[in-house]
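Trainee: So I've got this file, structure-v6.cif, and it contains mmCIF, C-alpha atoms:
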data_query
loop_
_atom_site.group_PDB
_atom_site.id
_atom_site.type_symbol
_atom_site.label_atom_id
_atom_site.label_comp_id
_atom_site.auth_asym_id
_atom_site.auth_seq_id
_atom_site.Cartn_x
_atom_site.Cartn_y
_atom_site.Cartn_z
ATOM 1 C CA MET A 1 70.776 155.482 18.807
ATOM 2 C CA SER A 2 71.198 151.736 19.357
ATOM 3 C CA SER A 3 73.879 151.520 16.662
ATOM 4 C CA THR A 4 75.722 154.402 18.373
ATOM 5 C CA LEU A 5 75.734 152.497 21.656
ATOM 6 C CA LYS A 6 76.934 149.376 19.874
ATOM 7 C CA ARG A 7 79.827 151.174 18.190
ATOM 8 C CA PHE A 8 80.829 152.787 21.474
ATOM 9 C CA ILE A 9 80.939 149.483 23.376
ATOM 10 C CA GLU A 10 82.813 147.825 20.511
ATOM 11 C CA SER A 11 85.378 150.654 20.535
ATOM 12 C CA LEU A 12 86.132 149.868 24.181
ATOM 13 C CA VAL A 13 87.018 146.303 23.201
ATOM 14 C CA GLN A 14 89.064 147.199 20.139
ATOM 15 C CA GLY A 15 91.100 149.944 21.797
ATOM 16 C CA LYS A 16 92.941 152.707 19.978
ATOM 17 C CA ALA A 17 96.360 151.232 19.255
ATOM 18 C CA PRO A 18 97.312 148.192 17.172
ATOM 19 C CA GLY A 19 98.334 145.144 19.141
ATOM 20 C CA PRO A 20 97.269 141.622 20.071
ATOM 21 C CA ALA A 21 93.591 140.735 20.018
ATOM 22 C CA PRO A 22 91.960 141.355 23.406
ATOM 23 C CA SER A 23 91.106 138.367 25.594
ATOM 24 C CA PHE A 24 87.715 139.847 26.405
ATOM 25 C CA SER A 25 84.597 140.809 24.459
ATOM 26 C CA MET A 26 81.626 143.196 24.466
ATOM 27 C CA PHE A 27 79.974 140.774 26.880
ATOM 28 C CA HIS A 28 82.685 141.334 29.479
ATOM 29 C CA ILE A 29 82.444 145.124 29.091
ATOM 30 C CA VAL A 30 78.675 145.069 29.500
ATOM 31 C CA LEU A 31 78.754 142.625 32.421
ATOM 32 C CA ALA A 32 81.344 144.826 34.139
ATOM 33 C CA LEU A 33 79.040 147.835 33.729
ATOM 34 C CA GLU A 34 76.094 145.808 35.063
ATOM 35 C CA LEU A 35 78.010 144.743 38.164
ATOM 36 C CA MET A 36 79.248 148.280 38.822
ATOM 37 C CA ALA A 37 75.730 149.663 38.363
ATOM 38 C CA GLU A 38 74.664 147.544 41.332
ATOM 39 C CA LYS A 39 77.479 148.639 43.670
ATOM 40 C CA SER A 40 81.225 149.328 43.854
ATOM 41 C CA ILE A 41 83.276 146.215 43.161
ATOM 42 C CA GLY A 42 86.972 145.446 43.547
ATOM 43 C CA ARG A 43 89.211 144.330 40.688
ATOM 44 C CA ASN A 44 89.707 140.752 41.912
ATOM 45 C CA LYS A 45 85.994 140.200 42.503
ATOM 46 C CA LEU A 46 85.209 141.694 39.108
ATOM 47 C CA ALA A 47 87.679 139.362 37.384
ATOM 48 C CA GLU A 48 86.108 136.395 39.200
ATOM 49 C CA LYS A 49 82.573 137.398 38.180
ATOM 50 C CA LEU A 50 83.632 137.928 34.560
ATOM 51 C CA GLY A 51 85.650 134.710 34.411
ATOM 52 C CA ILE A 52 88.793 136.410 33.050
ATOM 53 C CA GLY A 53 92.404 136.843 34.125
ATOM 54 C CA ASP A 54 94.269 139.667 35.787
ATOM 55 C CA GLY A 55 95.682 141.139 32.573
ATOM 56 C CA ALA A 56 92.278 141.321 30.882
ATOM 57 C CA ILE A 57 90.588 142.900 33.892
ATOM 58 C CA ARG A 58 93.324 145.534 34.140
ATOM 59 C CA THR A 59 92.741 146.417 30.487
ATOM 60 C CA ILE A 60 88.957 146.571 30.895
ATOM 61 C CA ILE A 61 89.202 148.800 33.966
ATOM 62 C CA GLY A 62 91.745 151.025 32.228
ATOM 63 C CA ARG A 63 89.582 151.478 29.141
ATOM 64 C CA LEU A 64 86.406 152.125 31.140
ATOM 65 C CA LYS A 65 88.280 154.686 33.242
ATOM 66 C CA ASP A 66 89.821 156.384 30.175
ATOM 67 C CA ALA A 67 86.334 156.604 28.627
ATOM 68 C CA GLY A 68 85.070 158.348 31.758
ATOM 69 C CA LEU A 69 82.619 155.575 32.584
ATOM 70 C CA ILE A 70 84.026 154.527 35.964
ATOM 71 C CA ALA A 71 85.804 155.984 38.964
ATOM 72 C CA ILE A 72 88.155 154.005 41.192
ATOM 73 C CA SER A 73 88.340 154.381 44.958
ATOM 74 C CA LYS A 74 89.346 152.255 47.938
ATOM 75 C CA GLU A 75 85.833 150.738 47.802
ATOM 76 C CA GLY A 76 86.482 149.555 44.252
ATOM 77 C CA CYS A 77 85.185 150.521 40.821
ATOM 78 C CA ALA A 78 81.881 152.358 40.404
ATOM 79 C CA LEU A 79 80.037 153.998 37.521
ATOM 80 C CA THR A 80 80.331 157.724 36.964
ATOM 81 C CA SER A 81 77.320 159.748 35.820
ATOM 82 C CA LYS A 82 78.470 159.143 32.222
ATOM 83 C CA GLY A 83 78.784 155.418 32.896
ATOM 84 C CA LEU A 84 75.316 155.346 34.435
ATOM 85 C CA LYS A 85 73.911 157.119 31.388
ATOM 86 C CA ILE A 86 75.444 154.497 29.083
ATOM 87 C CA TRP A 87 74.117 151.714 31.286
ATOM 88 C CA LYS A 88 70.592 153.162 31.302
ATOM 89 C CA GLU A 89 70.731 153.375 27.516
ATOM 90 C CA PHE A 90 71.680 149.697 27.378
ATOM 91 C CA GLU A 91 68.752 148.862 29.660
ATOM 92 C CA GLN A 92 66.335 150.654 27.327
ATOM 93 C CA PHE A 93 67.069 148.022 24.685
ATOM 94 C CA PHE A 94 67.531 145.057 27.044
ATOM 95 C CA PRO A 95 65.335 145.807 30.074
ATOM 96 C CA LYS A 96 65.008 142.199 31.263
ATOM 97 C CA ARG A 97 67.975 139.837 31.686
ATOM 98 C CA LEU A 98 67.092 136.805 33.737
ATOM 99 C CA ALA A 99 68.024 133.261 34.631
ATOM 100 C CA VAL A 100 65.248 130.984 33.371
ATOM 101 C CA GLY A 101 64.073 127.747 34.972
ATOM 102 C CA LYS A 102 63.667 124.441 33.158
ATOM 103 C CA THR A 103 60.524 124.010 31.031
ATOM 104 C CA GLU A 104 59.516 122.176 27.866
ATOM 105 C CA LEU A 105 61.504 124.753 25.868
ATOM 106 C CA THR A 106 64.415 125.400 28.246
ATOM 107 C CA SER A 107 65.915 122.038 29.140
ATOM 108 C CA ALA A 108 69.608 122.919 29.526
ATOM 109 C CA LYS A 109 71.302 122.792 32.924
ATOM 110 C CA TYR A 110 71.440 126.615 32.939
ATOM 111 C CA ASN A 111 69.229 128.933 30.886
ATOM 112 C CA PHE A 112 69.407 132.697 30.581
ATOM 113 C CA GLY A 113 67.136 135.081 28.699
ATOM 114 C CA PHE A 114 67.276 138.606 27.298
ATOM 115 C CA LEU A 115 64.243 140.692 26.425
ATOM 116 C CA VAL A 116 65.011 142.877 23.381
ATOM 117 C CA LYS A 117 62.574 145.756 22.967
ATOM 118 C CA ASN A 118 60.635 146.365 19.766
ATOM 119 C CA SER A 119 62.804 144.203 17.505
ATOM 120 C CA GLY A 120 60.439 141.525 16.213
ATOM 121 C CA GLU A 121 60.678 142.677 12.599
ATOM 122 C CA LYS A 122 64.443 142.054 12.684
ATOM 123 C CA ILE A 123 63.926 138.324 13.249
ATOM 124 C CA LYS A 124 63.805 136.365 10.020
ATOM 125 C CA SER A 125 64.087 132.663 10.891
ATOM 126 C CA GLY A 126 65.981 133.042 14.177
ATOM 127 C CA ILE A 127 68.916 131.056 12.796
ATOM 128 C CA GLU A 128 71.268 134.053 12.887
ATOM 129 C CA GLN A 129 70.517 134.619 16.563
ATOM 130 C CA ARG A 130 70.858 130.927 17.441
ATOM 131 C CA ASP A 131 74.208 130.772 15.651
ATOM 132 C CA ALA A 132 75.397 133.861 17.553
ATOM 133 C CA ALA A 133 74.368 132.287 20.853
ATOM 134 C CA ILE A 134 76.366 129.139 20.091
ATOM 135 C CA MET A 135 79.367 131.220 19.024
ATOM 136 C CA GLY A 136 78.984 133.034 22.346
ATOM 137 C CA GLY A 137 79.301 129.798 24.291
ATOM 138 C CA ALA A 138 75.769 128.432 24.586
ATOM 139 C CA ASN A 139 74.731 124.928 23.568
ATOM 140 C CA ARG A 140 71.374 126.014 22.199
ATOM 141 C CA ALA A 141 68.999 128.974 22.017
ATOM 142 C CA ILE A 142 65.387 129.775 21.244
ATOM 143 C CA VAL A 143 64.136 133.015 19.710
ATOM 144 C CA ILE A 144 60.604 134.071 20.657
ATOM 145 C CA VAL A 145 58.686 136.983 19.133
ATOM 146 C CA ALA A 146 55.640 138.571 20.773
ATOM 147 C CA LYS A 147 53.188 139.309 17.978
ATOM 148 C CA GLY A 148 49.471 139.991 18.007
ATOM 149 C CA GLY A 149 49.018 138.664 21.501
ATOM 150 C CA HIS A 150 50.884 135.431 20.735
ATOM 151 C CA LEU A 151 54.377 134.152 21.459
ATOM 152 C CA ILE A 152 55.888 132.743 18.262
ATOM 153 C CA ILE A 153 58.949 130.600 17.553
ATOM 154 C CA ASP A 154 59.568 130.429 13.818
ATOM 155 C CA SER A 155 59.104 126.916 12.340
ATOM 156 C CA ILE A 156 58.259 125.503 15.799
ATOM 157 C CA SER A 157 55.092 127.187 17.035
ATOM 158 C CA ASN A 158 52.791 130.050 16.080
ATOM 159 C CA ASP A 159 51.400 130.110 19.599
ATOM 160 C CA ILE A 160 53.552 128.620 22.346
ATOM 161 C CA MET A 161 50.848 129.538 24.863
ATOM 162 C CA LYS A 162 48.816 126.631 23.467
ATOM 163 C CA GLU A 163 51.597 124.144 22.767
ATOM 164 C CA PHE A 164 54.038 124.881 25.609
ATOM 165 C CA PRO A 165 51.897 126.360 28.399
ATOM 166 C CA LYS A 166 54.410 125.956 31.231
ATOM 167 C CA ALA A 167 57.171 127.700 29.272
ATOM 168 C CA SER A 168 54.755 130.363 28.032
ATOM 169 C CA ASN A 169 53.465 131.178 31.508
ATOM 170 C CA GLN A 170 57.006 131.520 32.831
ATOM 171 C CA ILE A 171 58.053 133.792 29.965
ATOM 172 C CA LEU A 172 54.993 136.023 30.322
ATOM 173 C CA ARG A 173 55.436 136.263 34.090
ATOM 174 C CA ASP A 174 59.177 136.939 34.089
ATOM 175 C CA PHE A 175 59.726 138.979 30.933
ATOM 176 C CA LYS A 176 56.332 140.704 30.481
ATOM 177 C CA PRO A 177 56.853 141.145 26.717
ATOM 178 C CA GLU A 178 54.889 143.684 24.712
ATOM 179 C CA ASP A 179 53.987 143.418 21.044
ATOM 180 C CA ASN A 180 57.065 143.199 18.755
ATOM 181 C CA ASP A 181 59.433 142.399 21.635
ATOM 182 C CA VAL A 182 61.898 139.513 21.287
ATOM 183 C CA ILE A 183 62.930 137.060 23.997
ATOM 184 C CA ILE A 184 66.121 135.094 23.416
ATOM 185 C CA ILE A 185 66.876 132.264 25.834
ATOM 186 C CA ALA A 186 70.218 130.467 25.654
ATOM 187 C CA GLY A 187 71.108 127.246 27.424
ATOM 188 C CA ALA A 188 74.488 125.885 28.488
ATOM 189 C CA ASP A 189 76.210 123.688 31.074
ATOM 190 C CA ASP A 190 77.644 126.767 32.779
ATOM 191 C CA PRO A 191 75.646 129.845 33.919
ATOM 192 C CA LEU A 192 78.125 132.368 32.528
ATOM 193 C CA ARG A 193 78.150 130.655 29.127
ATOM 194 C CA ALA A 194 74.343 130.692 29.045
ATOM 195 C CA LYS A 195 74.310 134.418 29.816
ATOM 196 C CA ARG A 196 77.059 135.105 27.300
ATOM 197 C CA GLY A 197 75.169 133.184 24.604
ATOM 198 C CA ALA A 198 71.948 135.114 25.279
ATOM 199 C CA PHE A 199 73.885 138.373 25.170
ATOM 200 C CA ALA A 200 75.619 137.498 21.881
ATOM 201 C CA ALA A 201 72.335 136.598 20.191
ATOM 202 C CA SER A 202 70.627 139.750 21.463
ATOM 203 C CA TRP A 203 73.553 142.051 20.712
ATOM 204 C CA ILE A 204 73.383 141.457 16.956
ATOM 205 C CA LEU A 205 69.843 142.864 16.943
ATOM 206 C CA LEU A 206 71.339 146.318 17.535
ATOM 207 C CA ASP A 207 72.680 146.171 13.963
ATOM 208 C CA GLY A 208 69.380 146.569 12.183
ATOM 209 C CA ASP A 209 67.966 149.899 13.326
ATOM 210 C CA LYS A 210 64.678 150.856 11.720
ATOM 211 C CA LYS A 211 65.153 153.101 8.743
#
Show this structure as structure tokens.
Mentor:
Amino acid sequence: MSSTLKRFIESLVQGKAPGPAPSFSMFHIVLALELMAEKSIGRNKLAEKLGIGDGAIRTIIGRLKDAGLIAISKEGCALTSKGLKIWKEFEQFFPKRLAVGKTELTSAKYNFGFLVKNSGEKIKSGIEQRDAAIMGGANRAIVIVAKGGHLIIDSISNDIMKEFPKASNQILRDFKPEDNDVIIIAGADDPLRAKRGAFAASWILLDGDKK
């Protein structure tokens, strides 16, 4: 199911007709859905929140509307029942998405984390996820796996609760991970870039569905 969601979101970015590459990404589509899930939002405010221009926001709104995910009224753009269903499916995989304060492990100006459910076995060394976060705009990222009652960062710590207690306590309190969950925290000099980096690193985990 997760790969189906991924393909659907990617299809909204790629569009149906050949043409120039879009100036927006899956991150912008998902962030637009998140904002609309909270309340109706106007086009200009949406463009401001997403950090994109007028042409890109028109395209995003058009594609979301054509896909039946949003309805437009004088109050702005809001999710339809189909859009809400897609959003709830996204939240099943990424139920926690939070700004993270500074600790021993999160020292960037802005830090943002995603909890990815039941995906620990997909993490090899964490390098692939860190690279994706940097490609997404972050300066750095950490990949934490909850395993056997411990929080593990490959090649750094087999139990961050012992070695980085402040960071561990914050992660446990805010994300409440269960066994085999993954927490990816990206850091950047800009809050949107930190969130985009965390999203990019988490998004690639939808590729490897369990067989």
Trainee: I need the residue nearest A:Val145 from this list: A:His28, A:Lys122, A:Arg130, A:Lys162. Use all atoms listed in the file for the distance.
Mentor: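 Looking at the shortest contact to A:Val145, the residue is A:Lys122.
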Trainee: Do you know which residues are at most 6 Å from A:Gly76 counting all atoms listed in the file, after dropping those on the same chain fewer than 2 positions away, and could you put them as a PyMOL selection string?
Mentor: chain A and resi 40-42+72-74
Trainee: For A:Ser168, find every residue with an atom within 10 Å (counting all atoms listed in the file), except residues of its own chain fewer than 4 positions away, and show them as a PyMOL selection string.
Mentor: chain A and resi 103-105+150-151+159-164+172-174
Trainee: Could you tell me which residues the PyMOL selection byres ((chain A and resi 132) around 10) returns for this structure, as a VMD selection string?
Mentor: chain A and resid 127 to 131 133 to 138 140 to 141 196 to 204
Trainee: Fewer than 6 positions away in the same chain doesn't count, so skip those; otherwise give me all residues within 12 Å of A:Ile86, counting all atoms listed in the file, as a PyMOL selection string.
Mentor: chain A and resi 1-2+4-6+8-9+29-30+33-34+37+64+67-70+79-80+92-93
Trainee: Mind pulling up the distance from atom CA of A:Ile184 to atom CA of A:Met36?
Mentor: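 Atom CA of A:Ile184 lies 24.2 Å from atom CA of A:Met36.
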Trainee: Can you work out the spacing between atom CA of A:Lys39 and atom CA of A:Gly83 in Å, to one decimal?
Mentor: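 If I compute the distance from atom CA of A:Lys39 to atom CA of A:Gly83, I get 12.8 Å.
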Trainee: Atom CA of A:Asp66 and atom CA of A:Arg43, how far apart in Å?
Mentor: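 Result for atom CA of A:Arg43 versus atom CA of A:Asp66: 16.0 Å, one decimal.
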Trainee: Quick check on the file I pasted: which residues fall under the PyMOL selection byres ((chain A and resi 155) around 12)? Write them as a VMD selection string.
Mentor: chain A and resid 124 to 127 142 to 144 152 to 154 156 to 160
Trainee: Quick one: residues within 9 Å of A:Gly149, all atoms listed in the file, excluding same-chain residues fewer than 3 positions away - as a compact mmCIF listing (two decimals) with C-alpha atoms, in the frame of the given file?
Mentor:
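Contents of out_24.txt, freshly written:
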# COMPACT_ATOMS: atom_id res chain seq x y z
CA ALA A 146 55.64 138.57 20.77
CA GLU A 178 54.89 143.68 24.71
CA ASP A 179 53.99 143.42 21.04
Trainee: Can you tell me, as a PyMOL selection string, what residues are no more than 9 Å from A:Asp190 when counting all atoms listed in the file, ignoring any on the same chain fewer than 4 positions away?
Mentor: chain A and resi 109-111+138+194-195
Trainee: Where atoms are absent from stretch 59-87 of chain A, fill them in so it carries N, CA and C atoms, then output it as a short mmCIF file (atom, residue, chain, number, x, y, z; two decimals), in the coordinates of the input.
Mentor:
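This is the output file out-v5.cif:
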data_model
loop_
_atom_site.label_atom_id
_atom_site.label_comp_id
_atom_site.auth_asym_id
_atom_site.auth_seq_id
_atom_site.Cartn_x
_atom_site.Cartn_y
_atom_site.Cartn_z
N THR A 59 93.01 145.71 31.74
CA THR A 59 92.74 146.42 30.49
C THR A 59 91.32 146.95 30.47
N ILE A 60 90.35 146.13 30.87
CA ILE A 60 88.96 146.57 30.90
C ILE A 60 88.79 147.78 31.81
N ILE A 61 89.33 147.69 33.01
CA ILE A 61 89.20 148.80 33.97
C ILE A 61 89.87 150.06 33.41
N GLY A 62 91.04 149.88 32.80
CA GLY A 62 91.74 151.02 32.23
C GLY A 62 90.95 151.70 31.13
N ARG A 63 90.34 150.90 30.25
CA ARG A 63 89.58 151.48 29.14
C ARG A 63 88.29 152.13 29.62
N LEU A 64 87.62 151.52 30.59
CA LEU A 64 86.41 152.12 31.14
C LEU A 64 86.74 153.44 31.85
N LYS A 65 87.86 153.46 32.54
CA LYS A 65 88.28 154.69 33.24
C LYS A 65 88.65 155.78 32.23
N ASP A 66 89.41 155.42 31.20
CA ASP A 66 89.82 156.38 30.18
C ASP A 66 88.61 156.96 29.44
N ALA A 67 87.55 156.14 29.30
CA ALA A 67 86.33 156.60 28.63
C ALA A 67 85.44 157.42 29.55
N GLY A 68 85.85 157.55 30.81
CA GLY A 68 85.07 158.35 31.76
C GLY A 68 83.84 157.65 32.31
N LEU A 69 83.80 156.32 32.16
CA LEU A 69 82.62 155.57 32.58
C LEU A 69 82.68 155.13 34.04
N ILE A 70 83.89 155.00 34.59
CA ILE A 70 84.03 154.53 35.96
C ILE A 70 85.01 155.40 36.74
N ALA A 71 84.85 155.36 38.04
CA ALA A 71 85.80 155.98 38.96
C ALA A 71 86.30 154.90 39.91
N ILE A 72 87.54 155.02 40.33
CA ILE A 72 88.16 154.00 41.19
C ILE A 72 88.47 154.62 42.55
N SER A 73 88.07 153.93 43.59
CA SER A 73 88.34 154.38 44.96
C SER A 73 88.75 153.17 45.79
N LYS A 74 88.97 153.38 47.08
CA LYS A 74 89.35 152.26 47.94
C LYS A 74 88.21 151.25 48.07
N GLU A 75 86.96 151.67 47.78
CA GLU A 75 85.83 150.74 47.80
C GLU A 75 85.79 149.87 46.54
N GLY A 76 86.48 150.30 45.50
CA GLY A 76 86.48 149.56 44.25
C GLY A 76 86.11 150.43 43.07
N CYS A 77 85.57 149.82 42.05
CA CYS A 77 85.18 150.52 40.82
C CYS A 77 83.68 150.79 40.84
N ALA A 78 83.29 151.99 40.45
CA ALA A 78 81.88 152.36 40.40
C ALA A 78 81.62 153.22 39.17
N LEU A 79 80.38 153.21 38.69
CA LEU A 79 80.04 154.00 37.52
C LEU A 79 80.01 155.49 37.84
N THR A 80 80.50 156.28 36.90
CA THR A 80 80.33 157.72 36.96
C THR A 80 78.95 158.07 36.41
N SER A 81 78.61 159.35 36.40
CA SER A 81 77.32 159.75 35.82
C SER A 81 77.27 159.40 34.33
N LYS A 82 78.42 159.52 33.64
CA LYS A 82 78.47 159.14 32.22
C LYS A 82 78.29 157.64 32.07
N GLY A 83 78.93 156.86 32.94
CA GLY A 83 78.78 155.42 32.90
C GLY A 83 77.36 154.99 33.17
N LEU A 84 76.71 155.67 34.11
CA LEU A 84 75.32 155.35 34.44
C LEU A 84 74.40 155.67 33.27
N LYS A 85 74.70 156.75 32.56
CA LYS A 85 73.91 157.12 31.39
C LYS A 85 74.02 156.05 30.30
N ILE A 86 75.24 155.56 30.07
CA ILE A 86 75.44 154.50 29.08
C ILE A 86 74.70 153.23 29.51
N TRP A 87 74.78 152.92 30.80
CA TRP A 87 74.12 151.71 31.29
C TRP A 87 72.61 151.82 31.14
#
